[in-house]
file final-v9.cif (mmCIF, C-alpha atoms)
data_coords
loop_
_atom_site.group_PDB
_atom_site.id
_atom_site.type_symbol
_atom_site.label_atom_id
_atom_site.label_comp_id
_atom_site.auth_asym_id
_atom_site.auth_seq_id
_atom_site.Cartn_x
_atom_site.Cartn_y
_atom_site.Cartn_z
ATOM 1 C CA MET A 1 16.977 -16.802 -14.553
ATOM 2 C CA ALA A 2 14.023 -17.237 -12.200
ATOM 3 C CA LEU A 3 11.455 -14.452 -12.242
ATOM 4 C CA ILE A 4 9.796 -13.463 -8.987
ATOM 5 C CA SER A 5 6.544 -11.572 -8.387
ATOM 6 C CA PRO A 6 6.493 -8.384 -6.281
ATOM 7 C CA SER A 7 4.470 -10.134 -3.561
ATOM 8 C CA THR A 8 7.126 -12.856 -3.291
ATOM 9 C CA VAL A 9 9.864 -10.212 -3.153
ATOM 10 C CA ALA A 10 7.949 -8.480 -0.364
ATOM 11 C CA THR A 11 7.732 -11.717 1.610
ATOM 12 C CA GLN A 12 11.373 -12.724 1.092
ATOM 13 C CA TYR A 13 12.969 -9.340 1.734
ATOM 14 C CA GLY A 14 10.532 -7.713 4.170
ATOM 15 C CA ILE A 15 9.708 -4.869 1.805
ATOM 16 C CA SER A 16 6.049 -4.112 1.165
ATOM 17 C CA SER A 17 4.638 -4.357 -2.343
ATOM 18 C CA ALA A 18 3.677 -0.702 -2.012
ATOM 19 C CA GLN A 19 7.299 0.220 -1.288
ATOM 20 C CA LEU A 20 8.443 -1.716 -4.365
ATOM 21 C CA ARG A 21 5.838 0.100 -6.458
ATOM 22 C CA GLN A 22 6.991 3.455 -5.088
ATOM 23 C CA TRP A 23 10.616 2.630 -5.925
ATOM 24 C CA ARG A 24 9.604 1.631 -9.477
ATOM 25 C CA ARG A 25 7.851 4.974 -9.916
ATOM 26 C CA GLN A 26 10.904 6.831 -8.603
ATOM 27 C CA GLY A 27 13.300 4.710 -10.667
ATOM 28 C CA VAL A 28 15.440 3.812 -7.655
ATOM 29 C CA GLY A 29 14.634 0.206 -6.700
ATOM 30 C CA PRO A 30 15.896 -3.127 -7.949
ATOM 31 C CA GLU A 31 15.816 -3.803 -11.667
ATOM 32 C CA TYR A 32 12.533 -5.315 -12.853
ATOM 33 C CA PHE A 33 10.863 -6.587 -15.998
ATOM 34 C CA GLN A 34 7.479 -5.309 -17.156
ATOM 35 C CA PHE A 35 5.867 -7.615 -19.695
ATOM 36 C CA THR A 36 2.467 -5.916 -19.774
ATOM 37 C CA ALA A 37 1.026 -2.856 -18.073
ATOM 38 C CA ARG A 38 0.036 -5.002 -15.080
ATOM 39 C CA THR A 39 2.753 -7.673 -14.986
ATOM 40 C CA ILE A 40 5.942 -6.931 -13.058
ATOM 41 C CA SER A 41 8.656 -9.489 -12.302
ATOM 42 C CA TYR A 42 12.046 -9.368 -10.642
ATOM 43 C CA CYS A 43 15.095 -11.538 -11.281
ATOM 44 C CA GLY A 44 16.365 -13.335 -8.165
ATOM 45 C CA ASP A 45 20.035 -12.660 -8.985
ATOM 46 C CA TYR A 46 19.417 -8.937 -9.535
ATOM 47 C CA LEU A 47 17.461 -8.745 -6.278
ATOM 48 C CA ARG A 48 20.236 -10.354 -4.246
ATOM 49 C CA ASP A 49 22.787 -7.975 -5.740
ATOM 50 C CA TRP A 50 20.598 -4.928 -5.151
ATOM 51 C CA PHE A 51 19.687 -5.774 -1.549
ATOM 52 C CA ASN A 52 23.328 -6.592 -0.713
ATOM 53 C CA ASP A 53 24.703 -3.393 -2.273
ATOM 54 C CA PRO A 54 25.751 -0.961 0.520
ATOM 55 C CA GLN A 55 24.786 1.985 -1.698
ATOM 56 C CA ASN A 56 21.136 0.988 -1.296
ATOM 57 C CA ALA A 57 21.257 0.928 2.503
ATOM 58 C CA GLU A 58 19.831 4.465 2.665
ATOM 59 C CA LEU A 59 16.698 3.418 0.743
ATOM 60 C CA LEU A 60 16.257 0.347 2.900
ATOM 61 C CA ALA A 61 16.606 2.429 6.071
ATOM 62 C CA GLU A 62 13.722 4.670 4.930
ATOM 63 C CA LYS A 63 11.195 1.890 5.426
ATOM 64 C CA ASP A 64 9.967 2.615 8.928
ATOM 65 C CA PRO A 65 7.015 0.449 9.957
ATOM 66 C CA ALA A 66 6.282 2.811 12.853
ATOM 67 C CA ASN A 67 5.101 5.434 10.349
ATOM 68 C CA VAL A 68 2.703 3.080 8.576
ATOM 69 C CA ASP A 69 -1.009 3.263 9.288
ATOM 70 C CA PRO A 70 -1.783 0.097 11.322
ATOM 71 C CA SER A 71 -4.827 -0.629 9.151
ATOM 72 C CA CYS A 72 -2.474 -1.228 6.194
ATOM 73 C CA ARG A 73 -0.038 -3.622 7.861
ATOM 74 C CA ASP A 74 -1.935 -6.774 6.908
ATOM 75 C CA GLY A 75 -0.387 -6.810 3.422
ATOM 76 C CA ARG A 76 -3.525 -6.028 1.442
ATOM 77 C CA VAL A 77 -3.137 -3.366 -1.200
ATOM 78 C CA ARG A 78 -5.348 -0.427 -0.461
ATOM 79 C CA ARG A 79 -5.008 3.285 -0.144
ATOM 80 C CA CYS A 80 -4.178 4.474 3.353
ATOM 81 C CA ARG A 81 -5.446 7.910 4.189
ATOM 82 C CA ARG A 82 -3.142 10.161 6.093
ATOM 83 C CA GLU A 83 -4.355 13.332 7.735
ATOM 84 C CA ASP A 84 -2.480 15.537 5.244
ATOM 85 C CA ASP A 85 -4.296 13.761 2.345
ATOM 86 C CA ARG A 86 -7.715 15.011 3.463
#
call {"tool": "encode", "arguments": {"input": "final-v9.cif", "output": "structure tokens"}}
result
Amino acid sequence: MALISPSTVATQYGISSAQLRQWRRQGVGPEYFQFTARTISYCGDYLRDWFNDPQNAELLAEKDPANVDPSCRDGRVRRCRREDDR
């Protein structure tokens, strides 16, 4: 069982690390392992199954890059301010 970091998952599957974090908080994303408070890993087999499961298509369709602040598209983790956050 190969363990994969969230940044690698983001690169391989086109999902941002922020989206993965949001799914973990909501309890709806792919299964993951948390070894410490700051260490998250995913299993490659579980990821393939989750991303290929038609039941998860609705979650995957929610990721709309058009709604993302362009200053946050470079992959760096930082808080993006939206007008309703002010």
call {"tool": "closest_residue", "arguments": {"input": "final-v9.cif", "among": "A:Ala18, A:Glu58, A:Glu31, A:Thr11", "to": "Asp45 (chain A)", "atoms": "all atoms listed in the file"}}
result
A:Glu31
call {"tool": "atom_distance", "arguments": {"input": "final-v9.cif", "atom1": "CA of Asp49 (chain A)", "atom2": "CA of Ala37 (chain A)"}}
result
25.5 Å
call {"tool": "residues_around", "arguments": {"input": "final-v9.cif", "residues": "Gln12 (chain A)", "least_positions_apart": "6", "cutoff": "12 Å", "atoms": "all atoms listed in the file", "output": "ChimeraX atom specification"}}
result
/A:4-6,44,47-48,51
call {"tool": "atom_distance", "arguments": {"input": "final-v9.cif", "atom1": "CA of Glu62 (chain A)", "atom2": "CA of Tyr13 (chain A)"}}
result
14.4 Å
call {"tool": "closest_residue", "arguments": {"input": "final-v9.cif", "among": "A:Met1, A:Ala10, A:Arg21, A:Ala57", "to": "Ile40 (chain A)", "atoms": "all atoms listed in the file"}}
result
A:Arg21
call {"tool": "closest_residue", "arguments": {"input": "final-v9.cif", "among": "A:Leu59, A:Phe35, A:Ser41, A:Ser16", "to": "Leu3 (chain A)", "atoms": "all atoms listed in the file"}}
result
A:Ser41
call {"tool": "axis_aligned_box", "arguments": {"input": "final-v9.cif", "around": "region 21-33 of chain A", "padding_each_side": "4 Å", "output": "JSON"}}
result
{"center_x": 10.9, "center_y": 0.1, "center_z": -10.5, "size_x": 18.1, "size_y": 21.4, "size_z": 18.9}
call {"tool": "closest_residue", "arguments": {"input": "final-v9.cif", "among": "A:Asp53, A:Gln26, A:Leu60, A:Ser7", "to": "Thr39 (chain A)", "atoms": "all atoms listed in the file"}}
result
A:Ser7
call {"tool": "atom_distance", "arguments": {"input": "final-v9.cif", "atom1": "CA of Thr8 (chain A)", "atom2": "CA of Asn56 (chain A)"}}
result
19.8 Å
call {"tool": "resolve_selection", "arguments": {"input": "final-v9.cif", "expression": "the PyMOL selection byres ((chain A and resi 30) around 7)", "output": "ChimeraX atom specification"}}
result
/A:28-29,31-32,46-47,50
